[in-house]
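For reference, the structure discussed in these notes is given below.
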Amino acid sequence: MGLKAASSRDRLRMWGSELKSQEDVFSKFADYINGKIPRLPWCETGIQLETLPLKKRLLNINTCGFLTINSQPRVNGARSDDKVVGWGPVNGYVYQKAYIEFFASPSRIKALERLAQKKEYATISYHAVTVDGKQLSNYADENSVNAVTWGVFPGSEIVQPTVVDMGSFRVWKDEAFALWISQWRAVYPPGSKSREVIQEIHNTYYLCNVVENDFVNGDLAKFMDELADTVKNEKQSGAAVQDSNSGSDDGVSNGKDDCKE
């Protein structure tokens with residue numbers, strides 16, 4: 001049964017009968033990674049076999065508000081008959097650049113921009129866009145096309161089935177953001193807090209893709225781990241400042257953009 005065929009009751013059961021904050025949405029994405037719910041509006045099946053080794057790290061970044069909807073590990077010359085990452089004709093070899101796609105708040109995208117400027121992450125490319133079309137990217141050309149999957153097979157030219165195309169990504173973002181409204185917000189009554197939470201994410205978040213172009217030695221997982229740690233540290237610093245200013249001893253920050261640990 002596809003998502004469009006799923007009843008409102010089924011979607012409420014999967015995605016929460018009540019959302020009090022954006023952190024509740026983060027938890028639902030983590031539940032999907034953990035296999036506790038079978039689908040998200042952007043993902044009609046469970047996570048793929050090639051994603052399983054990344055499960056722990058995906059849980060970490062989703063809980064910190066990087067809401068992933070697509071990812072792949074780097075692959076450097078795996079046989080085309082490999083049971084996990086193989087594809088195409090026999091006796092070939094396949095390659096992948098590590099890739100991840102997610103929704104994230106403006107503050108998290110700003111943290112990503114700062115981290116990507118580090119020399120050790122010089123081979124990282126990113127492209128982020130809001131529902132209104134505001135873009136942030138480190139590509140030199142706004143219409144860049146980046147091959148992220150290719151294969152070499154006997155008696156044929158290199159096959160390149162998957163690219164990250166900035167123009168196509170700008171088109172895809174319309175559908176991606178629309179699913180927040182048509183599939184998730186639609187299950188809640190008008191005027192409800194749950195509906196407000198989803199609408200705020202739709203209106204303010206970026207859809208972002210990140211590519212580690214070094215498919216031999218690159219480490220996108222390390223980049224995303226450091227990004228999550230940055231968000232955690234900024235949250236803790238913010239909470240400490242709030243305590244100092246308020247004289248409170250409870251150490252609780254109630255900001256909507258907090259990273260839930």
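How things are named: the first chain in the structure tokens is A, the next is B, and so on; residues count from 1 in each chain; ligands count from 1 in the order shown.
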**Item:** Members of region 42-134 of chain A assigned strand (DSSP E or B) by DSSP, as a ChimeraX atom specification
**Value:** /A:43,67-72,75-79,93-96,98-104,124-130
**Prompt:** Do you know which residues are at most 10 Å from region 179-185 of chain A counting only C-alpha atoms, after dropping those on the same chain fewer than 2 positions away, and could you put them as an NGL selection string?
**Reply:** :A and (3-4 or 6 or 8 or 11-12 or 15-16 or 40-42 or 173-177 or 187-190 or 192 or 194-199 or 201-203)
Output N, CA and C atoms for every residue in the selection just made, as a PDB file, in the first residue's frame.
```pdb
ATOM      1  N   LEU A   3       1.861   5.387   0.082  1.00  0.00           N
ATOM      2  CA  LEU A   3       1.516   6.404   1.064  1.00  0.00           C
ATOM      3  C   LEU A   3       0.204   7.097   0.739  1.00  0.00           C
ATOM      4  N   LYS A   4      -0.073   7.308  -0.543  1.00  0.00           N
ATOM      5  CA  LYS A   4      -1.317   7.974  -0.900  1.00  0.00           C
ATOM      6  C   LYS A   4      -2.523   7.126  -0.541  1.00  0.00           C
ATOM      7  N   ALA A   6      -2.569   5.136   2.133  1.00  0.00           N
ATOM      8  CA  ALA A   6      -2.625   4.973   3.579  1.00  0.00           C
ATOM      9  C   ALA A   6      -3.664   5.928   4.160  1.00  0.00           C
ATOM     10  N   SER A   8      -5.660   8.272   7.014  1.00  0.00           N
ATOM     11  CA  SER A   8      -5.195   9.230   8.010  1.00  0.00           C
ATOM     12  C   SER A   8      -4.902   8.537   9.327  1.00  0.00           C
ATOM     13  N   ARG A  11      -1.497   6.935   9.106  1.00  0.00           N
ATOM     14  CA  ARG A  11      -0.425   7.929   9.164  1.00  0.00           C
ATOM     15  C   ARG A  11      -0.280   8.506  10.564  1.00  0.00           C
ATOM     16  N   LEU A  12      -1.391   8.702  11.256  1.00  0.00           N
ATOM     17  CA  LEU A  12      -1.317   9.159  12.648  1.00  0.00           C
ATOM     18  C   LEU A  12      -0.596   8.137  13.518  1.00  0.00           C
ATOM     19  N   TRP A  15       3.186   8.468  12.520  1.00  0.00           N
ATOM     20  CA  TRP A  15       3.908   9.723  12.664  1.00  0.00           C
ATOM     21  C   TRP A  15       3.501  10.542  13.880  1.00  0.00           C
ATOM     22  N   GLY A  16       2.610   9.992  14.706  1.00  0.00           N
ATOM     23  CA  GLY A  16       2.296  10.662  15.957  1.00  0.00           C
ATOM     24  C   GLY A  16       0.929  11.314  15.965  1.00  0.00           C
ATOM     25  N   LEU A  40       8.046   6.903   5.905  1.00  0.00           N
ATOM     26  CA  LEU A  40       7.928   8.342   6.034  1.00  0.00           C
ATOM     27  C   LEU A  40       7.343   8.868   4.723  1.00  0.00           C
ATOM     28  N   PRO A  41       6.878  10.100   4.685  1.00  0.00           N
ATOM     29  CA  PRO A  41       6.311  10.608   3.433  1.00  0.00           C
ATOM     30  C   PRO A  41       7.246  10.499   2.228  1.00  0.00           C
ATOM     31  N   TRP A  42       8.556  10.522   2.466  1.00  0.00           N
ATOM     32  CA  TRP A  42       9.542  10.476   1.374  1.00  0.00           C
ATOM     33  C   TRP A  42      10.110   9.075   1.158  1.00  0.00           C
ATOM     34  N   LYS A 173      12.713  19.803  -4.932  1.00  0.00           N
ATOM     35  CA  LYS A 173      12.381  20.388  -3.624  1.00  0.00           C
ATOM     36  C   LYS A 173      10.902  20.758  -3.554  1.00  0.00           C
ATOM     37  N   ASP A 174      10.272  21.098  -4.675  1.00  0.00           N
ATOM     38  CA  ASP A 174       8.841  21.423  -4.651  1.00  0.00           C
ATOM     39  C   ASP A 174       8.020  20.228  -4.186  1.00  0.00           C
ATOM     40  N   GLU A 175       8.309  19.066  -4.754  1.00  0.00           N
ATOM     41  CA  GLU A 175       7.604  17.852  -4.351  1.00  0.00           C
ATOM     42  C   GLU A 175       7.965  17.451  -2.926  1.00  0.00           C
ATOM     43  N   ALA A 176       9.259  17.562  -2.591  1.00  0.00           N
ATOM     44  CA  ALA A 176       9.709  17.153  -1.261  1.00  0.00           C
ATOM     45  C   ALA A 176       9.039  17.976  -0.165  1.00  0.00           C
ATOM     46  N   PHE A 177       8.979  19.286  -0.334  1.00  0.00           N
ATOM     47  CA  PHE A 177       8.332  20.123   0.668  1.00  0.00           C
ATOM     48  C   PHE A 177       6.818  19.933   0.672  1.00  0.00           C
ATOM     49  N   VAL A 187      -3.020  15.236   8.348  1.00  0.00           N
ATOM     50  CA  VAL A 187      -3.680  14.305   9.280  1.00  0.00           C
ATOM     51  C   VAL A 187      -4.094  14.983  10.579  1.00  0.00           C
ATOM     52  N   TYR A 188      -3.714  16.246  10.763  1.00  0.00           N
ATOM     53  CA  TYR A 188      -4.036  16.947  12.006  1.00  0.00           C
ATOM     54  C   TYR A 188      -5.118  18.006  11.768  1.00  0.00           C
ATOM     55  N   PRO A 189      -5.941  18.275  12.750  1.00  0.00           N
ATOM     56  CA  PRO A 189      -7.033  19.244  12.569  1.00  0.00           C
ATOM     57  C   PRO A 189      -6.514  20.675  12.467  1.00  0.00           C
ATOM     58  N   PRO A 190      -7.203  21.529  11.712  1.00  0.00           N
ATOM     59  CA  PRO A 190      -6.819  22.941  11.625  1.00  0.00           C
ATOM     60  C   PRO A 190      -6.756  23.580  13.008  1.00  0.00           C
ATOM     61  N   SER A 192      -4.477  23.075  15.253  1.00  0.00           N
ATOM     62  CA  SER A 192      -3.806  22.248  16.260  1.00  0.00           C
ATOM     63  C   SER A 192      -2.320  22.582  16.328  1.00  0.00           C
ATOM     64  N   SER A 194       0.020  20.358  16.496  1.00  0.00           N
ATOM     65  CA  SER A 194       0.698  19.421  15.589  1.00  0.00           C
ATOM     66  C   SER A 194       0.791  20.003  14.178  1.00  0.00           C
ATOM     67  N   ARG A 195      -0.305  20.587  13.729  1.00  0.00           N
ATOM     68  CA  ARG A 195      -0.329  21.179  12.396  1.00  0.00           C
ATOM     69  C   ARG A 195       0.651  22.357  12.318  1.00  0.00           C
ATOM     70  N   GLU A 196       0.719  23.134  13.394  1.00  0.00           N
ATOM     71  CA  GLU A 196       1.621  24.277  13.455  1.00  0.00           C
ATOM     72  C   GLU A 196       3.077  23.832  13.375  1.00  0.00           C
ATOM     73  N   VAL A 197       3.429  22.744  14.063  1.00  0.00           N
ATOM     74  CA  VAL A 197       4.804  22.229  14.058  1.00  0.00           C
ATOM     75  C   VAL A 197       5.236  21.853  12.643  1.00  0.00           C
ATOM     76  N   ILE A 198       4.385  21.104  11.947  1.00  0.00           N
ATOM     77  CA  ILE A 198       4.725  20.683  10.578  1.00  0.00           C
ATOM     78  C   ILE A 198       4.804  21.881   9.639  1.00  0.00           C
ATOM     79  N   GLN A 199       3.883  22.834   9.790  1.00  0.00           N
ATOM     80  CA  GLN A 199       3.898  24.010   8.927  1.00  0.00           C
ATOM     81  C   GLN A 199       5.170  24.820   9.119  1.00  0.00           C
ATOM     82  N   ILE A 201       8.139  23.708  10.052  1.00  0.00           N
ATOM     83  CA  ILE A 201       9.234  23.004   9.383  1.00  0.00           C
ATOM     84  C   ILE A 201       9.162  23.251   7.879  1.00  0.00           C
ATOM     85  N   HIS A 202       7.990  23.103   7.303  1.00  0.00           N
ATOM     86  CA  HIS A 202       7.805  23.317   5.873  1.00  0.00           C
ATOM     87  C   HIS A 202       8.242  24.721   5.457  1.00  0.00           C
ATOM     88  N   ASN A 203       7.888  25.711   6.255  1.00  0.00           N
ATOM     89  CA  ASN A 203       8.125  27.111   5.878  1.00  0.00           C
ATOM     90  C   ASN A 203       9.567  27.558   6.068  1.00  0.00           C
TER      91      ASN A 203
END
```
**Message:** Can you tell me which residues surround Gln96 (chain A) at a distance of at most 8 Å, considering only C-alpha atoms, apart from same-chain residues fewer than 3 positions away, and format the answer as a ChimeraX atom specification?
**Reply:** /A:72-76,148-150,215
**Request:** Counting only C-alpha atoms, figure out which residue out of A:Lys97, A:Arg13, A:Lys119, A:Lys28 gets nearest to Leu59 (chain A).
**Result:** A:Lys28
**Request:** Considering only C-alpha atoms, state which residue in the set A:Lys232, A:Ala116, A:Val216, A:Glu101 is at the smallest distance from Phe169 (chain A).
**Result:** A:Glu101
**Message:** Using DSSP secondary structure from the backbone, list all helix (DSSP H, G or I) positions within region 19-223 of chain A, as a ChimeraX atom specification.
**Reply:** /A:22-33,49-63,106-116,119-121,166-187,193-204,220-223
